[in-house]
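Source file: coords-v1.cif; contents: mmCIF, C-alpha atoms.
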data_run
loop_
_atom_site.label_atom_id
_atom_site.label_comp_id
_atom_site.auth_asym_id
_atom_site.auth_seq_id
_atom_site.Cartn_x
_atom_site.Cartn_y
_atom_site.Cartn_z
CA MET A 1 -5.99 11.51 -16.77
CA THR A 2 -4.72 9.39 -13.90
CA LYS A 3 -4.68 11.38 -10.68
CA VAL A 4 -1.74 11.11 -8.25
CA LEU A 5 -2.28 11.74 -4.53
CA ILE A 6 0.58 11.91 -2.03
CA ILE A 7 -0.26 11.50 1.65
CA SER A 8 1.87 13.82 3.77
CA MET A 9 1.65 15.73 7.02
CA GLN A 10 1.46 19.50 6.57
CA SER A 11 4.46 19.80 8.88
CA ALA A 12 6.57 17.33 6.85
CA HIS A 13 8.41 20.05 4.96
CA GLU A 14 11.41 17.91 4.01
CA ARG A 15 9.28 15.09 2.66
CA ARG A 16 7.01 17.45 0.75
CA ALA A 17 9.98 19.17 -0.81
CA PHE A 18 11.44 15.80 -1.82
CA GLN A 19 8.19 14.70 -3.47
CA THR A 20 7.78 18.03 -5.26
CA ARG A 21 11.28 17.80 -6.71
CA GLN A 22 10.79 14.16 -7.66
CA ALA A 23 7.49 14.87 -9.45
CA ARG A 24 9.04 17.78 -11.30
CA ARG A 25 11.93 15.62 -12.49
CA LEU A 26 9.69 12.76 -13.62
CA GLY A 27 7.11 15.11 -15.14
CA PHE A 28 3.78 14.39 -13.45
CA ALA A 29 1.25 16.46 -11.54
CA PHE A 30 0.00 15.52 -8.09
CA ASP A 31 -1.94 16.76 -5.07
CA PHE A 32 -0.97 16.44 -1.44
CA VAL A 33 -3.46 14.81 0.94
CA ASP A 34 -2.87 15.96 4.50
CA GLY A 35 -1.81 13.22 6.86
CA VAL A 36 -3.44 12.68 10.25
CA ASP A 37 -1.67 13.78 13.42
CA ALA A 38 -1.70 10.91 15.91
CA ALA A 39 -2.01 13.43 18.74
CA SER A 40 -5.44 14.45 17.42
CA LEU A 41 -6.92 10.97 17.68
CA ASP A 42 -9.42 10.02 20.36
CA ARG A 43 -7.72 7.51 22.65
CA GLN A 44 -10.89 5.56 23.38
CA ALA A 45 -11.56 5.13 19.67
CA CYS A 46 -7.96 4.00 19.23
CA GLN A 47 -8.40 1.38 21.93
CA ARG A 48 -11.58 0.09 20.28
CA GLY A 49 -9.67 -0.24 17.04
CA ALA A 50 -6.78 -2.04 18.74
CA ASP A 51 -9.26 -4.51 20.23
CA ARG A 52 -9.99 -5.70 16.66
CA TRP A 53 -6.39 -6.77 16.12
CA PRO A 54 -4.47 -9.58 17.89
CA SER A 55 -1.15 -7.73 18.19
CA PRO A 56 -0.17 -4.43 19.86
CA THR A 57 -1.18 -1.43 17.75
CA PRO A 58 1.00 1.71 17.62
CA ILE A 59 -1.04 4.88 17.41
CA GLY A 60 0.90 5.74 14.27
CA ASP A 61 -0.70 2.76 12.49
CA ILE A 62 -4.15 4.11 13.34
CA ALA A 63 -3.22 7.60 12.13
CA CYS A 64 -1.88 6.04 8.93
CA PHE A 65 -5.20 4.28 8.35
CA HIS A 66 -7.17 7.52 8.74
CA ALA A 67 -4.81 9.29 6.34
CA HIS A 68 -5.31 6.60 3.71
CA ARG A 69 -9.05 6.66 4.27
CA GLY A 70 -9.00 10.40 3.60
CA ALA A 71 -7.19 9.72 0.32
CA TRP A 72 -9.74 7.02 -0.55
CA GLY A 73 -12.52 9.57 -0.14
CA ILE A 74 -10.85 11.92 -2.61
CA ALA A 75 -9.97 9.10 -5.00
CA GLY A 76 -13.52 7.76 -4.87
CA ALA A 77 -14.84 11.05 -6.24
CA ALA A 78 -12.35 11.19 -9.12
CA SER A 79 -13.30 10.63 -12.75
CA ASP A 80 -10.24 8.55 -13.69
CA ASN A 81 -7.86 6.04 -12.14
CA VAL A 82 -5.94 7.21 -9.09
CA VAL A 83 -2.47 6.47 -7.73
CA ILE A 84 -1.98 6.90 -3.96
CA LEU A 85 1.54 7.34 -2.58
CA GLU A 86 3.00 7.85 0.86
CA ASP A 87 5.47 10.70 1.14
CA ASP A 88 8.54 8.54 1.81
CA VAL A 89 8.51 6.67 -1.50
CA VAL A 90 11.17 6.94 -4.16
CA LEU A 91 9.82 6.40 -7.66
CA GLU A 92 11.27 4.43 -10.54
CA ASN A 93 12.32 6.35 -13.65
CA GLY A 94 9.48 4.76 -15.63
CA PHE A 95 6.74 5.83 -13.21
CA THR A 96 5.25 8.54 -15.44
CA ARG A 97 5.20 6.27 -18.48
CA PHE A 98 3.34 3.66 -16.46
CA ILE A 99 0.65 6.01 -15.15
CA ASP A 100 0.18 7.35 -18.68
CA ARG A 101 -0.38 3.75 -19.78
CA ILE A 102 -3.13 3.06 -17.24
CA ASP A 103 -4.95 6.22 -18.39
CA ARG A 104 -6.41 4.07 -21.17
CA ILE A 105 -7.30 1.07 -19.01
CA ALA A 106 -10.49 0.32 -17.09
CA LEU A 107 -9.07 -1.18 -13.89
CA GLY A 108 -12.41 -2.40 -12.60
CA ARG A 109 -11.90 -4.30 -9.33
CA HIS A 110 -8.13 -4.53 -9.77
CA LEU A 111 -5.92 -2.82 -7.22
CA LEU A 112 -2.35 -2.44 -8.44
CA ASP A 113 0.51 -2.74 -5.97
CA LEU A 114 3.31 -0.59 -7.39
CA GLU A 115 5.64 -1.05 -4.43
CA TYR A 116 8.63 -3.15 -3.54
CA ALA A 117 8.44 -4.36 0.05
CA PRO A 118 10.83 -6.92 1.57
CA GLY A 119 9.48 -10.39 2.18
CA ARG A 120 8.25 -13.13 -0.07
CA HIS A 121 4.89 -12.69 -1.78
CA PHE A 122 2.63 -15.40 -3.20
CA LEU A 123 2.26 -14.49 -6.88
CA SER A 124 1.10 -16.08 -10.12
CA ARG A 125 3.84 -17.56 -12.28
CA ARG A 126 2.63 -15.84 -15.42
CA SER A 127 1.73 -12.23 -16.02
CA VAL A 128 -1.93 -11.33 -16.40
CA MET A 129 -3.94 -8.38 -17.72
CA PRO A 130 -2.11 -7.96 -21.05
CA GLU A 131 -3.43 -4.41 -21.44
CA ILE A 132 -1.01 -3.48 -18.63
CA SER A 133 1.84 -5.89 -19.27
CA GLU A 134 4.37 -4.85 -21.88
CA ALA A 135 8.10 -5.19 -22.44
CA ASP A 136 9.03 -3.05 -19.43
CA PHE A 137 6.18 -3.78 -17.00
CA GLN A 138 4.20 -6.85 -16.07
CA ALA A 139 1.26 -7.53 -13.77
CA PHE A 140 1.08 -10.66 -11.63
CA ARG A 141 -1.84 -11.87 -9.56
CA ILE A 142 -1.28 -11.52 -5.81
CA PHE A 143 -2.36 -14.44 -3.66
CA GLN A 144 -0.74 -13.01 -0.55
CA ASN A 145 0.91 -9.69 0.22
CA ARG A 146 0.82 -8.69 3.87
CA VAL A 147 3.41 -5.93 3.74
CA GLY A 148 3.23 -2.49 2.21
CA LEU A 149 0.63 0.08 1.19
CA ALA A 150 2.89 2.95 0.19
CA ALA A 151 2.15 2.99 -3.55
CA TYR A 152 -0.97 1.60 -5.20
CA ALA A 153 -3.45 2.40 -7.98
CA GLY A 154 -7.08 1.68 -8.62
CA ALA A 155 -10.38 2.87 -10.03
CA PRO A 156 -12.53 5.45 -8.19
CA ARG A 157 -15.20 2.84 -7.49
CA THR A 158 -12.69 0.64 -5.65
CA PHE A 159 -11.54 3.51 -3.44
CA ALA A 160 -15.10 4.62 -2.73
CA LYS A 161 -15.89 1.08 -1.62
CA LEU A 162 -12.87 0.98 0.71
CA ALA A 163 -13.84 4.30 2.27
CA SER A 164 -17.43 3.22 2.87
CA HIS A 165 -16.51 -0.23 4.25
CA PHE A 166 -14.03 1.07 6.82
CA PRO A 167 -15.32 4.05 8.80
CA ASP A 168 -13.08 3.03 11.72
CA TYR A 169 -9.70 1.37 12.14
CA PRO A 170 -10.16 -2.30 11.12
CA GLY A 171 -6.69 -3.63 11.94
CA LEU A 172 -3.34 -3.48 10.18
CA ILE A 173 -4.22 -1.67 6.97
CA ASP A 174 -1.85 -3.62 4.71
CA VAL A 175 -3.39 -6.96 5.65
CA VAL A 176 -6.97 -5.72 5.53
CA VAL A 177 -6.76 -4.11 2.09
CA TRP A 178 -4.79 -6.75 0.19
CA ASN A 179 -6.94 -9.62 1.47
CA ARG A 180 -10.38 -8.29 0.57
CA ASN A 181 -12.42 -10.71 -1.50
CA ASP A 182 -14.02 -7.90 -3.53
CA ILE A 183 -10.62 -6.68 -4.78
CA ARG A 184 -8.41 -8.32 -7.38
CA PRO A 185 -4.86 -7.40 -6.38
CA LEU A 186 -2.03 -7.31 -8.91
CA GLN A 187 1.69 -6.77 -8.40
CA ILE A 188 3.43 -4.55 -10.95
CA GLU A 189 7.01 -5.51 -11.75
CA PRO A 190 9.62 -4.28 -11.76
CA ALA A 191 8.43 -2.29 -8.77
CA LEU A 192 7.71 1.36 -9.48
CA ALA A 193 8.11 2.61 -5.91
CA VAL A 194 10.06 1.78 -2.78
CA GLN A 195 10.11 3.41 0.62
CA LYS A 196 13.30 5.39 1.09
CA ARG A 197 14.29 3.38 4.17
CA PHE A 198 14.82 0.32 1.98
CA LEU A 199 17.28 2.20 -0.23
CA VAL A 200 19.42 3.91 2.40
CA ASP A 201 21.01 3.37 5.80
CA THR A 202 17.98 3.86 8.05
CA ALA A 203 20.14 4.83 11.02
CA ALA A 204 20.74 8.23 9.45
CA ASP A 205 17.46 8.60 7.60
CA ALA A 206 15.07 11.34 8.70
CA PHE A 207 12.22 9.62 6.81
CA VAL A 208 11.95 6.76 9.33
CA ARG A 209 8.96 7.00 11.67
CA PRO A 210 9.80 7.46 15.37
CA ALA A 211 9.57 4.36 17.53
CA ASP A 212 8.59 6.16 20.75
CA GLN A 213 4.83 6.31 20.30
CA THR A 214 1.77 5.20 22.23
CA VAL A 215 0.89 1.54 21.76
CA PHE A 216 -2.56 0.04 22.40
CA HIS A 217 -2.96 -3.60 23.41
CA PRO A 218 -6.05 -5.75 22.79
CA ARG A 219 -7.93 -6.04 26.08
CA ASN A 220 -9.99 -9.21 25.60
CA PRO A 221 -7.81 -12.36 25.49
CA VAL A 222 -10.59 -14.46 23.96
CA ARG A 223 -11.19 -12.01 21.16
CA ARG A 224 -7.45 -11.68 20.66
CA MET A 225 -7.21 -15.45 20.20
CA VAL A 226 -10.14 -15.43 17.75
CA GLU A 227 -8.56 -12.66 15.69
CA ARG A 228 -5.27 -14.55 15.67
CA LEU A 229 -7.02 -17.69 14.42
CA LYS A 230 -8.67 -15.62 11.67
CA LEU A 231 -5.27 -14.43 10.51
CA GLU A 232 -3.88 -17.96 10.49
CA ALA A 233 -6.90 -19.14 8.51
CA LEU A 234 -6.29 -16.32 6.05
CA LYS A 235 -2.69 -17.45 5.58
CA GLY A 236 -3.91 -20.98 4.96
CA ARG A 237 -6.47 -19.80 2.42
CA ASN A 238 -3.81 -17.84 0.55
CA LEU A 239 -1.46 -20.83 0.53
CA VAL A 240 -4.20 -23.06 -0.91
CA ARG A 241 -5.05 -20.48 -3.57
CA THR A 242 -1.40 -20.24 -4.54
CA TRP A 243 -1.16 -24.03 -4.85
CA LEU A 244 -4.42 -24.40 -6.79
CA HIS A 245 -3.44 -21.73 -9.31
CA GLY A 246 0.16 -22.85 -9.71
CA GLY A 247 1.57 -19.77 -8.01
CA VAL A 248 4.98 -19.23 -6.48
CA SER A 249 6.46 -17.67 -3.34
CA ARG A 250 9.17 -15.13 -4.21
CA ASP A 251 10.51 -11.63 -3.71
CA VAL A 252 9.14 -8.76 -5.76
CA LEU A 253 11.44 -7.74 -8.59
CA ILE A 254 13.11 -4.35 -8.14
CA ARG A 255 15.74 -2.68 -10.34
CA ARG A 256 17.52 -0.44 -7.90
CA ASP A 257 19.54 1.31 -10.59
CA ARG A 258 16.30 2.91 -11.83
CA PHE A 259 15.76 4.86 -8.59
CA ARG A 260 17.31 8.22 -7.72
CA LEU A 261 17.56 9.40 -4.13
CA SER A 262 18.44 12.96 -5.12
CA PRO A 263 15.78 14.21 -7.55
#

Mind converting the file's structure to structure tokens?
Amino acid sequence: MTKVLIISMQSAHERRAFQTRQARRLGFAFDFVDGVDAASLDRQACQRGADRWPSPTPIGDIACFHAHRGAWGIAGAASDNVVILEDDVVLENGFTRFIDRIDRIALGRHLLDLEYAPGRHFLSRRSVMPEISEADFQAFRIFQNRVGLAAYAGAPRTFAKLASHFPDYPGLIDVVVWNRNDIRPLQIEPALAVQKRFLVDTAADAFVRPADQTVFHPRNPVRRMVERLKLEALKGRNLVRTWLHGGVSRDVLIRRDRFRLSP
């Protein structure tokens, strides 16, 4: 049976209560994976991680990486497919039906992006993997998705590989994961999850991360330039792949009427 893991700080009582109520309403079981407190991180290790990325790195991004890596370790030891969620996601009404569907599917190297995130993605024009696609859900090949890692699913082997390849912070986790050559990313539509901040007025939302946090800057200007050039080359590669495979740049489909903010 597909396992669901929800990353959440032990102190995040409101978020944990929300996810518990949501899971009860939709009818699925899950386990919490404790998040990582940014205050517990070694500052020197954080700086070394920030040196691998061309832009300023908030300490919260590094803590987020370590939390996901902890979930990858658990998922890598599972016997069936695993869904990993962050604790601020709202789930579509068909979420349980979808995870029941992937119980019967060998995902192999595929990593399924279940999330709506704003911004145009580079996707295939036609749906792929017919064992997933049906009347209500479709899977599209991702050529570029640089935003969002709040809801995704994969096989244990994929998660074990991610955990072993990244013992330390490698850079912005969204970019690093979705652009790995040993992963075949697919976008599920309509989106099955969306972060709460994209459904509500964020000014009054307690689920938004605080902005006043420590930020680390890359120290070596030459390395920073090299890392920036790598990112630009990656964008170019993704654009070429999209063109060669007849892909399209568009927003991810979301049906907002299928989401409930008050489970």

Report as a ChimeraX atom specification the residues that result from applying the PyMOL selection byres ((chain A and resi 153) around 8) to the structure here.
/A:81-84,111-114,151-152,154-155

What does the file look like for those residues with C-alpha atoms, as a compact mmCIF listing (two decimals), in the coordinates of the input?
# COMPACT_ATOMS: atom_id res chain seq x y z
CA ASN A 81 -7.86 6.04 -12.14
CA VAL A 82 -5.94 7.21 -9.09
CA VAL A 83 -2.47 6.47 -7.73
CA ILE A 84 -1.98 6.90 -3.96
CA LEU A 111 -5.92 -2.82 -7.22
CA LEU A 112 -2.35 -2.44 -8.44
CA ASP A 113 0.51 -2.74 -5.97
CA LEU A 114 3.31 -0.59 -7.39
CA ALA A 151 2.15 2.99 -3.55
CA TYR A 152 -0.97 1.60 -5.20
CA GLY A 154 -7.08 1.68 -8.62
CA ALA A 155 -10.38 2.87 -10.03

Any chance you could work out the residue set of the PyMOL selection byres ((chain A and resi 227) around 10) here, as a list in words?
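Applying the PyMOL selection byres ((chain A and resi 227) around 10) to the structure shown produces Asp51, Arg52, Trp53, Pro54, Ser55, Gly171, Pro221, Val222, Arg223, Arg224, Met225, Val226, Arg228, Leu229, Lys230, Leu231, Glu232 and Ala233 of chain A.
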
Distance in Å - CA of Lys235 (chain A) versus CA of His110 (chain A):
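A separation of 20.8 Å between them.
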
Counting all atoms listed in the file, the residue of A:Gln195, A:Ser262, A:Ala75, A:Val36 that sits nearest Thr20 (chain A)
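Smallest distance to Thr20 (chain A) is found for A:Ser262.
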
Rounded to one decimal, what separation in Å do you get between CA of Asn181 (chain A) and CA of Ile105 (chain A)?
21.7 Å

So which one's closest to Arg97 (chain A), A:Ala45, A:Leu85, A:Ile142, A:Ile132? Using all atoms listed in the file, please.
A:Ile132

Please determine the residues with any atom at most 10 Å from (0.2, -5.9, 16.6) (coordinates as given in the file, with only C-alpha atoms counting) and report them as a list in words.
Ala50, Trp53, Pro54, Ser55, Pro56, Thr57, Pro58, Asp61, Gly171, Leu172, Val215, Phe216, His217 and Pro218 of chain A

Please write as number ranges by chain the full residue list that the PyMOL selection byres ((chain A and resi 71) around 12) yields on this file.
A: 3-8, 31-36, 64-70, 72-78, 82-86, 152-153, 156, 159-160, 162-163
